[in-house]
>>> print(open('coords_4.txt').read())   # compact mmCIF, C-alpha atoms
# COMPACT_ATOMS: atom_id res chain seq x y z
CA MET P 168 93.09 69.02 145.63
CA ARG P 169 96.40 70.15 147.08
CA ALA P 170 97.39 73.81 147.09
CA GLY P 171 100.06 75.07 144.73
CA ARG P 172 103.69 75.10 145.90
CA LYS P 173 107.15 75.34 144.42
CA LEU P 174 108.27 72.61 142.08
CA GLY P 175 110.23 69.94 143.94
CA VAL P 176 111.24 66.34 143.42
CA VAL P 177 107.59 65.22 143.37
CA ALA P 178 106.77 66.82 140.02
CA PRO P 179 109.40 65.04 137.86
CA ILE P 180 108.37 61.69 139.34
CA LEU P 181 104.65 62.39 138.94
CA PHE P 182 104.86 63.65 135.41
CA SER P 183 107.39 61.09 134.23
CA LEU P 184 104.73 58.51 135.02
CA LEU P 185 101.85 60.52 133.59
CA LEU P 186 102.94 62.85 130.79
CA ILE P 187 104.76 62.35 127.56
CA GLY P 188 105.22 65.28 125.15
CA ILE P 189 106.27 65.23 121.51
CA SER P 190 107.24 67.89 119.02
CA ALA P 191 104.82 70.34 117.37
CA SER P 192 105.25 68.60 114.05
CA ALA P 193 102.56 66.10 115.11
CA ALA P 194 100.43 68.92 116.48
CA GLU P 195 96.93 68.02 117.63
CA THR P 196 96.29 69.47 121.08
CA VAL P 197 96.59 73.28 121.14
CA VAL P 198 98.18 75.03 124.13
CA SER P 199 97.84 78.81 123.86
CA VAL P 200 98.14 82.12 125.68
CA GLU P 201 94.83 84.02 125.68
CA PRO P 202 94.37 86.71 124.71
CA GLN P 203 97.26 86.38 122.32
CA THR P 204 97.81 90.16 122.30
CA LYS P 205 97.18 92.46 125.24
CA MET P 206 97.66 96.21 125.57
CA VAL P 207 97.95 97.77 129.03
CA ARG P 208 99.21 100.90 130.74
CA PRO P 209 102.19 101.12 133.11
CA ASN P 210 101.38 99.89 136.64
CA GLU P 211 98.19 98.19 135.44
CA THR P 212 97.47 94.73 136.88
CA PHE P 213 95.87 92.26 134.48
CA TYR P 214 95.33 88.56 133.75
CA LEU P 215 96.33 86.14 131.01
CA ASN P 216 95.16 82.54 130.61
CA ILE P 217 96.95 79.48 129.33
CA THR P 218 94.29 77.35 127.68
CA VAL P 219 94.37 73.81 126.35
CA ASP P 220 92.12 72.52 123.57
CA PRO P 221 92.57 68.72 123.63
CA ASP P 222 92.30 66.61 120.51
CA VAL P 223 92.48 63.42 122.59
CA PRO P 224 91.62 62.72 126.25
CA ILE P 225 94.29 64.21 128.52
CA ALA P 226 95.11 63.87 132.21
CA GLY P 227 97.92 66.36 132.84
CA VAL P 228 99.76 69.47 131.62
CA GLN P 229 103.15 70.99 132.41
CA CYS P 230 104.94 74.11 131.10
CA ASP P 231 107.35 76.98 131.79
CA ILE P 232 106.83 80.65 130.93
CA ARG P 233 109.39 83.21 129.76
CA PHE P 234 108.83 87.00 129.62
CA ASN P 235 110.71 90.32 129.67
CA SER P 236 110.75 91.31 133.34
CA SER P 237 111.61 94.90 132.52
CA VAL P 238 108.17 95.22 130.89
CA VAL P 239 105.97 93.00 133.09
CA ILE P 240 106.24 90.92 136.26
CA VAL P 241 104.23 87.88 137.35
CA ASN P 242 102.41 88.15 140.66
CA SER P 243 100.84 84.70 140.88
CA VAL P 244 99.79 81.60 138.97
CA GLU P 245 96.46 79.96 139.83
CA GLU P 246 94.98 76.68 138.68
CA GLY P 247 92.20 76.91 136.10
CA ASP P 248 89.22 74.66 135.52
CA LEU P 249 90.65 72.44 132.77
CA LEU P 250 91.62 69.30 134.70
CA LYS P 251 89.19 69.84 137.59
CA LYS P 252 86.47 68.72 135.21
CA GLY P 253 87.97 65.23 135.29
CA GLY P 254 88.36 64.76 139.05
CA ASP P 255 90.73 65.60 141.89
CA THR P 256 93.98 67.26 140.83
CA TYR P 257 97.54 67.78 142.03
CA PHE P 258 98.69 71.34 141.19
CA LEU P 259 102.07 73.06 141.28
CA SER P 260 102.04 76.82 140.71
CA GLY P 261 105.70 76.85 139.65
CA GLU P 262 108.67 78.94 140.73
CA ILE P 263 108.28 82.64 139.85
CA ASP P 264 111.57 84.42 139.03
CA ASN P 265 110.85 88.06 138.12
CA LYS P 266 114.57 88.85 138.03
CA ASN P 267 115.20 86.54 135.10
CA GLY P 268 111.66 86.63 133.67
CA THR P 269 110.64 82.99 134.13
CA VAL P 270 108.09 80.79 135.81
CA LYS P 271 109.35 77.21 135.89
CA GLY P 272 107.59 73.98 136.71
CA ILE P 273 103.90 74.85 136.40
CA ALA P 274 102.09 71.51 136.48
CA SER P 275 98.72 69.94 137.11
CA ALA P 276 97.49 66.35 136.89
CA ILE P 277 94.29 64.46 137.57
CA THR P 278 94.80 62.12 140.51
CA THR P 279 91.48 60.29 140.11
CA GLN P 280 92.36 56.84 138.74
CA GLY P 281 91.70 56.52 135.00
CA ALA P 282 90.07 59.97 134.66
CA SER P 283 90.73 62.36 131.78
CA VAL P 284 89.22 65.37 130.01
CA MET P 285 88.46 66.08 126.38
CA GLU P 286 86.99 69.59 126.75
CA LYS P 287 88.76 72.90 126.13
CA GLY P 288 89.52 74.79 129.32
CA THR P 289 91.88 77.06 131.21
CA PHE P 290 95.04 75.35 132.48
CA VAL P 291 96.27 78.29 134.57
CA ILE P 292 95.43 81.94 135.22
CA ILE P 293 98.42 84.31 135.38
CA ASN P 294 98.25 87.56 137.34
CA LEU P 295 100.70 90.17 136.01
CA THR P 296 101.58 93.84 136.53
CA ALA P 297 102.94 96.15 133.81
CA LYS P 298 106.16 97.91 134.82
CA SER P 299 107.16 100.22 131.99
CA ALA P 300 106.48 100.93 128.34
CA GLY P 301 107.59 98.20 125.96
CA VAL P 302 106.64 94.92 124.34
CA THR P 303 107.23 91.44 125.69
CA GLY P 304 106.42 88.00 124.51
CA ILE P 305 104.64 85.59 126.83
CA ASN P 306 106.37 82.47 125.61
CA LEU P 307 105.63 78.90 126.64
CA SER P 308 108.43 76.32 126.83
CA ASN P 309 108.91 72.75 128.04
CA VAL P 310 105.23 72.15 127.28
CA ILE P 311 104.12 68.61 128.06
CA VAL P 312 100.64 67.17 127.66
CA GLY P 313 99.86 63.58 128.57
CA ASN P 314 97.14 61.04 129.14
CA THR P 315 96.66 58.19 131.59
CA THR P 316 98.12 55.47 129.37
CA GLY P 317 101.50 57.05 128.75
CA GLU P 318 100.82 57.48 125.05
CA PRO P 319 102.32 60.60 123.43
CA VAL P 320 100.03 63.59 122.87
CA GLY P 321 100.88 65.85 119.97
CA ILE P 322 100.84 69.57 120.86
CA TYR P 323 100.83 72.92 119.08
CA VAL P 324 101.88 75.97 121.09
CA ILE P 325 100.62 79.51 120.49
CA ASN P 326 102.53 82.18 122.42
CA GLY P 327 101.24 85.62 123.38
CA SER P 328 102.50 89.18 123.71
CA VAL P 329 101.88 92.19 125.94
CA THR P 330 102.34 95.82 124.90
CA VAL P 331 102.73 98.38 127.66
CA SER P 332 102.00 101.89 126.40
CA PRO P 333 101.34 105.14 128.29
CA LYS P 334 98.82 106.11 125.58
CA ILE P 335 96.33 103.52 124.45
CA HIS P 336 92.75 103.59 123.24
CA ASP P 337 90.68 101.98 125.98
CA ILE P 338 87.13 102.46 127.17
CA ALA P 339 85.15 100.16 129.42
CA ILE P 340 81.70 99.65 130.86
CA SER P 341 82.44 99.58 134.57
CA GLU P 342 81.57 96.31 136.27
CA GLU P 343 82.16 97.92 139.68
CA TYR P 344 79.28 100.38 139.04
CA CYS P 345 76.79 97.58 139.69
CA PRO P 346 78.47 94.25 140.49
CA PRO P 347 78.45 91.67 139.11
CA THR P 348 76.93 92.80 135.80
CA GLY P 349 77.74 96.52 135.56
CA ILE P 350 74.13 97.25 134.57
CA LYS P 351 71.64 98.93 136.89
CA ILE P 352 67.87 98.67 136.43
CA ILE P 353 65.92 101.52 137.98
CA ARG P 354 62.19 102.13 138.38
CA GLU P 355 60.84 105.40 139.74
CA GLY P 356 64.24 106.22 141.28
CA GLU P 357 64.63 102.86 143.03
CA GLU P 358 67.28 100.33 141.99
CA ILE P 359 65.99 96.82 141.26
CA PRO P 360 68.17 94.10 142.89
CA HIS P 361 69.63 91.41 140.63
CA ASP P 362 67.45 88.70 142.21
CA GLN P 363 64.15 90.60 141.80
CA ASN P 364 61.86 89.96 138.84
CA LEU P 365 60.53 92.76 136.66
CA THR P 366 56.84 93.34 136.00
CA ILE P 367 55.35 93.44 132.52
CA GLY P 368 53.75 96.77 131.62
CA ARG P 369 56.20 98.91 133.59
CA GLU P 370 59.00 101.16 132.38
CA TYR P 371 62.58 100.63 133.58
CA GLN P 372 65.79 102.60 133.14
CA ILE P 373 68.77 100.56 131.94
CA LYS P 374 71.73 102.50 133.37
CA PHE P 375 75.51 101.98 133.18
CA LYS P 376 78.85 103.77 133.52
CA ILE P 377 81.32 104.21 130.64
CA GLU P 378 84.94 104.94 131.63
CA ASN P 379 87.80 106.26 129.51
CA ARG P 380 90.80 104.25 130.72
CA GLY P 381 93.09 105.21 127.84
CA GLY P 382 95.17 108.17 126.78
CA PHE P 383 92.89 109.78 124.18
CA ASN P 384 89.56 111.56 124.17
CA GLU P 385 87.04 109.09 122.74
CA THR P 386 83.60 109.03 121.14
CA ALA P 387 82.08 105.64 121.84
CA SER P 388 79.36 103.94 119.83
CA VAL P 389 76.86 102.63 122.39
CA THR P 390 74.21 99.95 121.79
CA ILE P 391 71.61 98.63 124.21
CA GLU P 392 69.70 95.47 123.29
CA VAL P 393 67.20 93.25 125.07
CA ARG P 394 66.63 89.76 123.70
CA ASN P 395 64.14 87.08 124.69
CA GLU P 396 64.92 83.39 125.13
CA THR P 397 64.79 82.80 121.35
CA GLU P 398 67.35 85.62 120.78
CA TYR P 399 64.66 87.86 119.26
CA VAL P 400 65.47 91.54 119.86
CA VAL P 401 62.55 93.15 121.75
CA PHE P 402 64.32 96.46 122.48
CA SER P 403 67.24 98.24 120.81
CA LYS P 404 68.79 101.70 121.13
CA SER P 405 72.02 103.06 119.61
CA PHE P 406 73.74 106.39 120.25
CA ASN P 407 77.18 108.02 120.69
CA LYS P 408 78.86 109.19 123.89
CA THR P 409 81.99 111.37 124.20
CA ILE P 410 84.31 110.60 127.14
CA ASN P 411 87.46 112.62 127.72
CA ILE P 412 90.75 111.25 129.07
CA GLY P 413 90.42 110.03 132.66
CA GLU P 414 86.70 110.77 132.81
CA TYR P 415 83.48 108.75 132.81
CA VAL P 416 79.84 109.25 131.93
CA TYR P 417 76.61 107.66 133.16
CA SER P 418 74.09 106.75 130.51
CA TYR P 419 70.66 105.15 130.38
CA ARG P 420 67.71 104.44 128.15
CA THR P 421 64.10 103.67 129.19
CA TRP P 422 62.72 100.20 128.42
CA ASP P 423 58.92 99.88 128.20
CA THR P 424 57.95 96.26 128.90
CA SER P 425 54.33 96.63 127.81
CA GLY P 426 53.08 93.83 125.57
CA LEU P 427 55.95 91.42 126.34
CA SER P 428 55.48 87.82 127.46
CA PRO P 429 56.60 86.39 130.79
CA GLY P 430 60.02 84.74 130.69
CA ALA P 431 63.78 85.29 130.72
CA TYR P 432 65.41 88.19 128.88
CA THR P 433 69.05 89.24 128.42
CA ILE P 434 70.09 92.90 128.52
CA ARG P 435 73.28 93.56 126.55
CA VAL P 436 75.16 96.88 126.67
CA GLU P 437 78.15 97.54 124.41
CA ALA P 438 80.39 100.61 124.11
CA SER P 439 83.00 100.37 121.37
CA ILE P 440 85.75 102.49 119.77
CA PRO P 441 88.25 101.71 117.00
CA ASN P 442 91.52 100.11 118.11
CA ASP P 443 90.42 99.46 121.69
CA ALA P 444 93.35 97.90 123.52
CA ASN P 445 91.10 95.89 125.84
CA PRO P 446 87.81 95.09 124.11
CA ASP P 447 86.90 92.40 126.65
CA ASP P 448 85.39 95.02 129.01
CA ASN P 449 83.32 96.76 126.31
CA VAL P 450 80.29 94.50 126.74
CA ARG P 451 78.17 93.80 129.83
CA THR P 452 75.10 91.59 130.09
CA ARG P 453 72.42 91.09 132.70
CA LYS P 454 69.69 88.45 132.75
CA VAL P 455 66.24 89.42 134.00
CA PHE P 456 62.90 87.67 134.32
CA LEU P 457 59.63 89.36 133.37
CA GLU P 458 56.50 88.28 135.22
CA ALA P 459 52.85 89.16 134.73
CA PRO P 460 51.60 91.98 136.97
CA VAL P 461 50.01 90.90 140.24
CA ASP P 462 46.70 92.64 140.87
CA ARG P 463 46.65 94.03 144.41
CA GLU P 464 44.06 96.74 143.84
CA GLY P 465 40.33 96.53 144.34
CA PRO P 466 37.76 97.47 141.70
CA VAL P 467 37.15 101.04 140.58
CA ILE P 468 33.66 102.16 141.72
CA GLU P 469 31.94 105.12 140.05
CA PHE P 470 28.44 106.41 140.76
CA VAL P 471 26.48 106.99 137.54
CA TYR P 472 23.02 108.31 136.57
CA PRO P 473 20.41 108.18 138.02
CA THR P 474 22.19 108.05 141.39
CA PRO P 475 21.46 111.36 143.18
CA PRO P 476 24.46 113.53 144.08
CA ASN P 477 25.76 113.80 147.61
CA GLY P 478 23.57 116.11 149.72
CA ALA P 479 20.57 115.93 147.36
CA ASN P 480 17.08 116.80 148.66
CA LEU P 481 14.55 114.48 147.04
CA THR P 482 10.79 114.91 146.82
CA VAL P 483 10.11 111.26 145.96
CA ASN P 484 9.94 108.18 148.16
CA TYR P 485 12.60 106.21 146.30
CA VAL P 486 16.35 106.39 145.57
CA ASN P 487 18.03 104.62 142.67
CA VAL P 488 21.69 103.79 143.33
CA THR P 489 23.60 102.79 140.18
CA VAL P 490 27.37 102.30 139.85
CA LYS P 491 29.91 101.38 137.22
CA VAL P 492 32.42 98.85 138.60
CA THR P 493 35.56 97.82 136.68
CA ASP P 494 38.57 95.63 137.49
CA LYS P 495 41.25 94.07 135.26
CA SER P 496 40.96 90.76 137.16
CA GLY P 497 37.16 90.69 136.96
CA VAL P 498 34.49 91.90 139.37
CA CYS P 499 33.19 89.37 141.87
CA THR P 500 30.76 90.96 144.36
CA VAL P 501 29.10 94.40 144.54
CA LEU P 502 27.33 95.40 147.77
CA LEU P 503 25.21 98.45 148.55
CA ASN P 504 25.60 99.62 152.13
CA TRP P 505 22.34 101.46 152.86
CA ASN P 506 22.19 103.05 156.30
CA GLY P 507 24.68 100.47 157.60
CA GLU P 508 23.03 97.39 156.08
CA ASN P 509 24.60 95.52 153.12
CA GLU P 510 22.65 94.07 150.20
CA THR P 511 23.78 92.65 146.88
CA MET P 512 23.42 94.96 143.89
CA ASN P 513 21.95 93.69 140.62
CA ALA P 514 23.99 93.53 137.42
CA ILE P 515 21.78 95.28 134.84
CA ALA P 516 24.42 95.72 132.10
CA PRO P 517 28.13 95.02 131.59
CA GLU P 518 29.98 96.77 134.46
CA ILE P 519 26.71 98.39 135.66
CA TYR P 520 25.08 97.47 138.99
CA SER P 521 21.92 98.96 140.50
CA VAL P 522 19.47 98.85 143.44
CA ASN P 523 16.22 100.84 143.65
CA LYS P 524 15.24 101.70 147.23
CA THR P 525 11.47 102.30 147.23
CA GLY P 526 8.77 103.15 149.77
CA LEU P 527 11.06 105.45 151.69
CA THR P 528 9.67 107.60 154.45
CA GLU P 529 10.79 111.12 155.17
CA GLY P 530 14.33 111.23 156.53
CA THR P 531 18.08 111.26 155.80
CA TYR P 532 19.77 108.22 154.22
CA THR P 533 23.46 107.39 153.88
CA PHE P 534 24.87 104.93 151.34
CA LYS P 535 28.13 103.66 149.82
CA VAL P 536 29.17 100.71 147.68
CA TYR P 537 31.69 97.93 148.37
CA ALA P 538 33.13 95.69 145.64
CA ASN P 539 35.80 93.01 145.36
CA ASP P 540 37.49 91.30 142.42
CA THR P 541 38.22 87.65 141.65
CA LEU P 542 41.46 87.92 143.68
CA ASN P 543 39.47 89.19 146.69
CA ASN P 544 40.88 92.73 146.53
CA TRP P 545 38.26 95.07 148.02
CA ASN P 546 37.47 98.73 147.45
CA VAL P 547 34.79 101.12 148.69
CA SER P 548 33.17 104.12 147.06
CA GLU P 549 32.68 107.58 148.49
CA THR P 550 29.87 107.94 151.00
CA ARG P 551 26.79 109.87 149.92
CA THR P 552 23.90 111.27 151.96
CA VAL P 553 20.46 112.23 150.63
CA THR P 554 17.34 113.66 152.25
CA VAL P 555 13.96 112.24 151.28
CA ALA P 556 10.80 114.38 151.76
CA PRO P 557 8.13 112.70 149.57
CA PRO P 558 4.84 114.50 148.74
CA PRO P 559 1.50 113.03 149.78
CA ILE P 560 0.90 109.67 148.13
CA CYS P 561 -2.47 109.10 146.47
CA GLU P 562 -4.11 106.24 144.64
CA GLY P 563 -2.37 105.51 141.36
CA ASP P 564 0.83 107.39 142.32
CA PHE P 565 3.03 104.31 142.07
CA ASN P 566 6.37 106.13 142.00
CA GLY P 567 5.51 108.52 144.83
CA ASP P 568 6.24 111.73 142.96
CA GLY P 569 2.92 113.34 143.92
CA TYR P 570 1.41 112.99 140.46
CA VAL P 571 -0.62 110.38 138.64
CA ASN P 572 0.74 110.55 135.11
CA ILE P 573 2.36 108.58 132.31
CA ASP P 574 5.23 107.50 134.61
CA ASP P 575 2.72 105.62 136.75
CA VAL P 576 1.16 104.01 133.69
CA VAL P 577 4.61 102.78 132.66
CA TYR P 578 5.22 101.46 136.15
CA MET P 579 1.87 99.61 136.10
CA VAL P 580 2.53 98.06 132.69
CA VAL P 581 6.05 96.94 133.62
CA ASN P 582 5.46 95.76 137.15
CA LEU P 583 1.73 94.99 137.69
CA TRP P 584 0.28 93.98 134.34
CA GLY P 585 -1.66 90.74 134.11
CA PRO P 586 -3.83 88.53 136.38
CA CYS P 587 -3.89 89.31 140.11
CA GLU P 588 -5.96 89.02 143.21
CA PRO P 589 -9.17 91.07 142.82
CA GLY P 590 -8.56 94.53 144.28
CA ALA P 591 -4.77 94.20 144.32
CA THR P 592 -2.54 97.20 143.59
CA GLY P 593 -3.42 98.56 140.13
CA ASP P 594 -6.66 96.56 139.84
CA PHE P 595 -8.90 99.57 140.21
CA ASN P 596 -12.08 97.87 138.97
CA GLY P 597 -11.55 94.70 141.03
CA ASP P 598 -11.85 92.26 138.11
CA GLY P 599 -8.68 90.33 138.97
CA TYR P 600 -6.68 91.78 136.10
CA VAL P 601 -4.45 94.83 135.70
CA ASN P 602 -5.07 95.81 132.11
CA ILE P 603 -6.20 98.60 129.82
CA ASP P 604 -9.41 99.05 131.75
CA ASP P 605 -7.42 100.11 134.78
CA VAL P 606 -5.37 102.52 132.70
CA VAL P 607 -8.62 104.14 131.52
CA TYR P 608 -9.78 104.38 135.12
CA MET P 609 -6.56 106.13 136.10
CA VAL P 610 -6.81 108.65 133.29
CA VAL P 611 -10.47 109.45 133.92
CA ASN P 612 -10.54 109.46 137.70
CA LEU P 613 -7.03 109.91 139.13
CA TRP P 614 -4.98 111.85 136.60
CA GLY P 615 -3.09 114.89 137.88
CA PRO P 616 -1.50 116.07 141.13
CA CYS P 617 -2.26 114.18 144.31
CA THR P 618 -4.31 115.86 147.02
CA THR P 619 -4.24 115.11 150.69
>>> encode(input="coords_4.txt", output="structure tokens")
Amino acid sequence: MRAGRKLGVVAPILFSLLLIGISASAAETVVSVEPQTKMVRPNETFYLNITVDPDVPIAGVQCDIRFNSSVVIVNSVEEGDLLKKGGDTYFLSGEIDNKNGTVKGIASAITTQGASVMEKGTFVIINLTAKSAGVTGINLSNVIVGNTTGEPVGIYVINGSVTVSPKIHDIAISEEYCPPTGIKIIREGEEIPHDQNLTIGREYQIKFKIENRGGFNETASVTIEVRNETEYVVFSKSFNKTINIGEYVYSYRTWDTSGLSPGAYTIRVEASIPNDANPDDNVRTRKVFLEAPVDREGPVIEFVYPTPPNGANLTVNYVNVTVKVTDKSGVCTVLLNWNGENETMNAIAPEIYSVNKTGLTEGTYTFKVYANDTLNNWNVSETRTVTVAPPPICEGDFNGDGYVNIDDVVYMVVNLWGPCEPGATGDFNGDGYVNIDDVVYMVVNLWGPCTT
């Protein structure tokens, strides 16, 4: 593509071969100024587009522009995307004459052999500056649209107008506040970059800046919406904001993402007033992607009964260590570290793990519990220390509490009951069975406190 330059002898030759225009009476292809009406303030710089909506395949466009140069002036004319969609283009930006209020010889043509376009697009983008209060037409003349075969293309022209007023109604959501969307997303005081995903289950502030660019105090109607990929509204807030002349306000609402599904979402913020001169800057949107939370934390480990408290002095020869272990990703391994040695704890109920350390001699013991989840995130409990000073152990005192009583009977029934080697633990009569006869023996002969 060649850069724009002033219209010379090349353009008439090029377009005489390429473009043929006919009157609007056979109108088919629409050439228009957009927006058709524009309100601005003195000294404001703004843009207008000349768009083409083809009814048949086209390969080139040419036009002139007339305007009141006491109201506005043209700074530049840039090529739009219309013909670029068809291939390489030759573009002439025309001759700008702000003294007489004209731009003559704006032209563009596809140079790729046989190429054309059939899709609506922007022919040129016009950069203008308002000079003083007044109204001017933005009128198109000498409009020619053609195709590659030299056949005539019917056209219909829609002109535009610009009103320059020192007092207009105009509010805007500032794009410069957070380029390129104008919408900030904040979590716990930190701004989330545009390329960073959001995490489901967290709360985010949707923040923006509303400016009063007009000449009246305004009360804007503000709406914040978040839609999913199917356009279903998952979040919506509406409220009013008052912004005085020349001032601005920051506003936000908190979006709780709990319960939402992973995927793309669109945040839409709109601030509107009646008779806004420039409604195009009243709406800003930002696309975000929600992802499931990534578990980076190890399991929660909690000592539960009958684990002795830290610093306990025990008069038995055993210690039961029981913990409750929970993790949203699932618990994988639970280890008891007893005096520096690890052993696997037994799952005795959902989320409950236990180890019973028996036959302990007098002394001090230190223990803690390690656990990891299915994502291999580890955690460790507090460290506890207990002192064991068991009483004398006698025959039948299976739990080492210094008494032969019902607790020992329970222990014998649960752990020793049934056939055994004659004379084994609990087989007091040596008949090769731990049964009711041995319970009777305990009650008659051993019951009560142990003696040394």
>>> atom_distance(input="coords_4.txt", atom1="atom CA of P:Ser388", atom2="atom CA of P:Asp447")
15.4 Å
>>> atom_distance(input="coords_4.txt", atom1="atom CA of P:Lys491", atom2="atom CA of P:Ile573")
28.9 Å
>>> closest_residue(input="coords_4.txt", among="P:Asn484, P:Asn267, P:Thr278, P:Thr452", to="P:Ile352", atoms="all atoms listed in the file")
P:Thr452
>>> residues_around(input="coords_4.txt", residues="P:Pro517", least_positions_apart="2", cutoff="10 Å", atoms="only C-alpha atoms", output="ChimeraX atom specification")
/P:491-493,514-515,519-520
>>> write_last_selection(input="coords_4.txt", atoms="C-alpha atoms", output="compact mmCIF listing (two decimals), in the coordinates of the input")
# COMPACT_ATOMS: atom_id res chain seq x y z
CA LYS P 491 29.91 101.38 137.22
CA VAL P 492 32.42 98.85 138.60
CA THR P 493 35.56 97.82 136.68
CA ALA P 514 23.99 93.53 137.42
CA ILE P 515 21.78 95.28 134.84
CA ILE P 519 26.71 98.39 135.66
CA TYR P 520 25.08 97.47 138.99
>>> atom_distance(input="coords_4.txt", atom1="atom CA of P:Val581", atom2="atom CA of P:Phe534")
27.1 Å
>>> closest_residue(input="coords_4.txt", among="P:Val219, P:Leu542, P:Cys345, P:Ala479", to="P:Ala556", atoms="all atoms listed in the file")
P:Ala479
>>> residues_around(input="coords_4.txt", residues="P:Asn449", least_positions_apart="4", cutoff="8 Å", atoms="all atoms listed in the file", output="PDB file with C-alpha atoms, keeping the file's coordinate frame")
ATOM      1  CA  ILE P 338      87.130 102.460 127.170  1.00  0.00           C
ATOM      2  CA  ALA P 339      85.150 100.160 129.420  1.00  0.00           C
ATOM      3  CA  ILE P 340      81.700  99.650 130.860  1.00  0.00           C
ATOM      4  CA  GLU P 437      78.150  97.540 124.410  1.00  0.00           C
ATOM      5  CA  ALA P 438      80.390 100.610 124.110  1.00  0.00           C
ATOM      6  CA  SER P 439      83.000 100.370 121.370  1.00  0.00           C
ATOM      7  CA  ASN P 445      91.100  95.890 125.840  1.00  0.00           C
TER       8      ASN P 445
END
>>> residues_near_point(input="coords_4.txt", point="(94.3, 84.9, 120.2)", cutoff="10 Å", atoms="all atoms listed in the file", output="list in words")
Ser199, Val200, Glu201, Pro202, Gln203, Thr204, Lys205, Ile325, Asn326, Gly327 and Ser328 of chain P
>>> build_atoms(input="coords_4.txt", residues="stretch 360-371 of chain P", atoms="N, CA, C and O atoms", output="compact mmCIF listing (two decimals), in the frame of the given file")
# COMPACT_ATOMS: atom_id res chain seq x y z
N PRO P 360 67.10 95.07 142.62
CA PRO P 360 68.17 94.10 142.89
C PRO P 360 68.25 93.04 141.79
O PRO P 360 67.28 92.78 141.07
N HIS P 361 69.42 92.40 141.68
CA HIS P 361 69.63 91.41 140.63
C HIS P 361 68.69 90.20 140.78
O HIS P 361 68.37 89.55 139.78
N ASP P 362 68.28 89.89 142.00
CA ASP P 362 67.45 88.70 142.21
C ASP P 362 65.95 89.01 142.19
O ASP P 362 65.14 88.14 142.52
N GLN P 363 65.57 90.22 141.81
CA GLN P 363 64.15 90.60 141.80
C GLN P 363 63.63 90.61 140.37
O GLN P 363 64.26 91.15 139.47
N ASN P 364 62.47 90.00 140.16
CA ASN P 364 61.86 89.96 138.84
C ASN P 364 61.29 91.33 138.47
O ASN P 364 60.96 92.15 139.33
N LEU P 365 61.16 91.55 137.17
CA LEU P 365 60.53 92.76 136.66
C LEU P 365 59.08 92.47 136.29
O LEU P 365 58.72 91.31 136.05
N THR P 366 58.26 93.51 136.24
CA THR P 366 56.84 93.34 136.00
C THR P 366 56.47 93.87 134.62
O THR P 366 56.80 95.01 134.27
N ILE P 367 55.79 93.05 133.86
CA ILE P 367 55.35 93.44 132.52
C ILE P 367 54.42 94.65 132.61
O ILE P 367 53.57 94.74 133.50
N GLY P 368 54.59 95.57 131.66
CA GLY P 368 53.75 96.77 131.62
C GLY P 368 54.38 97.98 132.27
O GLY P 368 53.85 99.08 132.16
N ARG P 369 55.53 97.80 132.93
CA ARG P 369 56.20 98.91 133.59
C ARG P 369 57.40 99.39 132.76
O ARG P 369 57.92 98.66 131.92
N GLU P 370 57.82 100.61 133.03
CA GLU P 370 59.00 101.16 132.38
C GLU P 370 60.19 101.11 133.33
O GLU P 370 60.06 101.41 134.52
N TYR P 371 61.36 100.74 132.78
CA TYR P 371 62.58 100.63 133.58
C TYR P 371 63.71 101.37 132.88
O TYR P 371 63.81 101.36 131.64
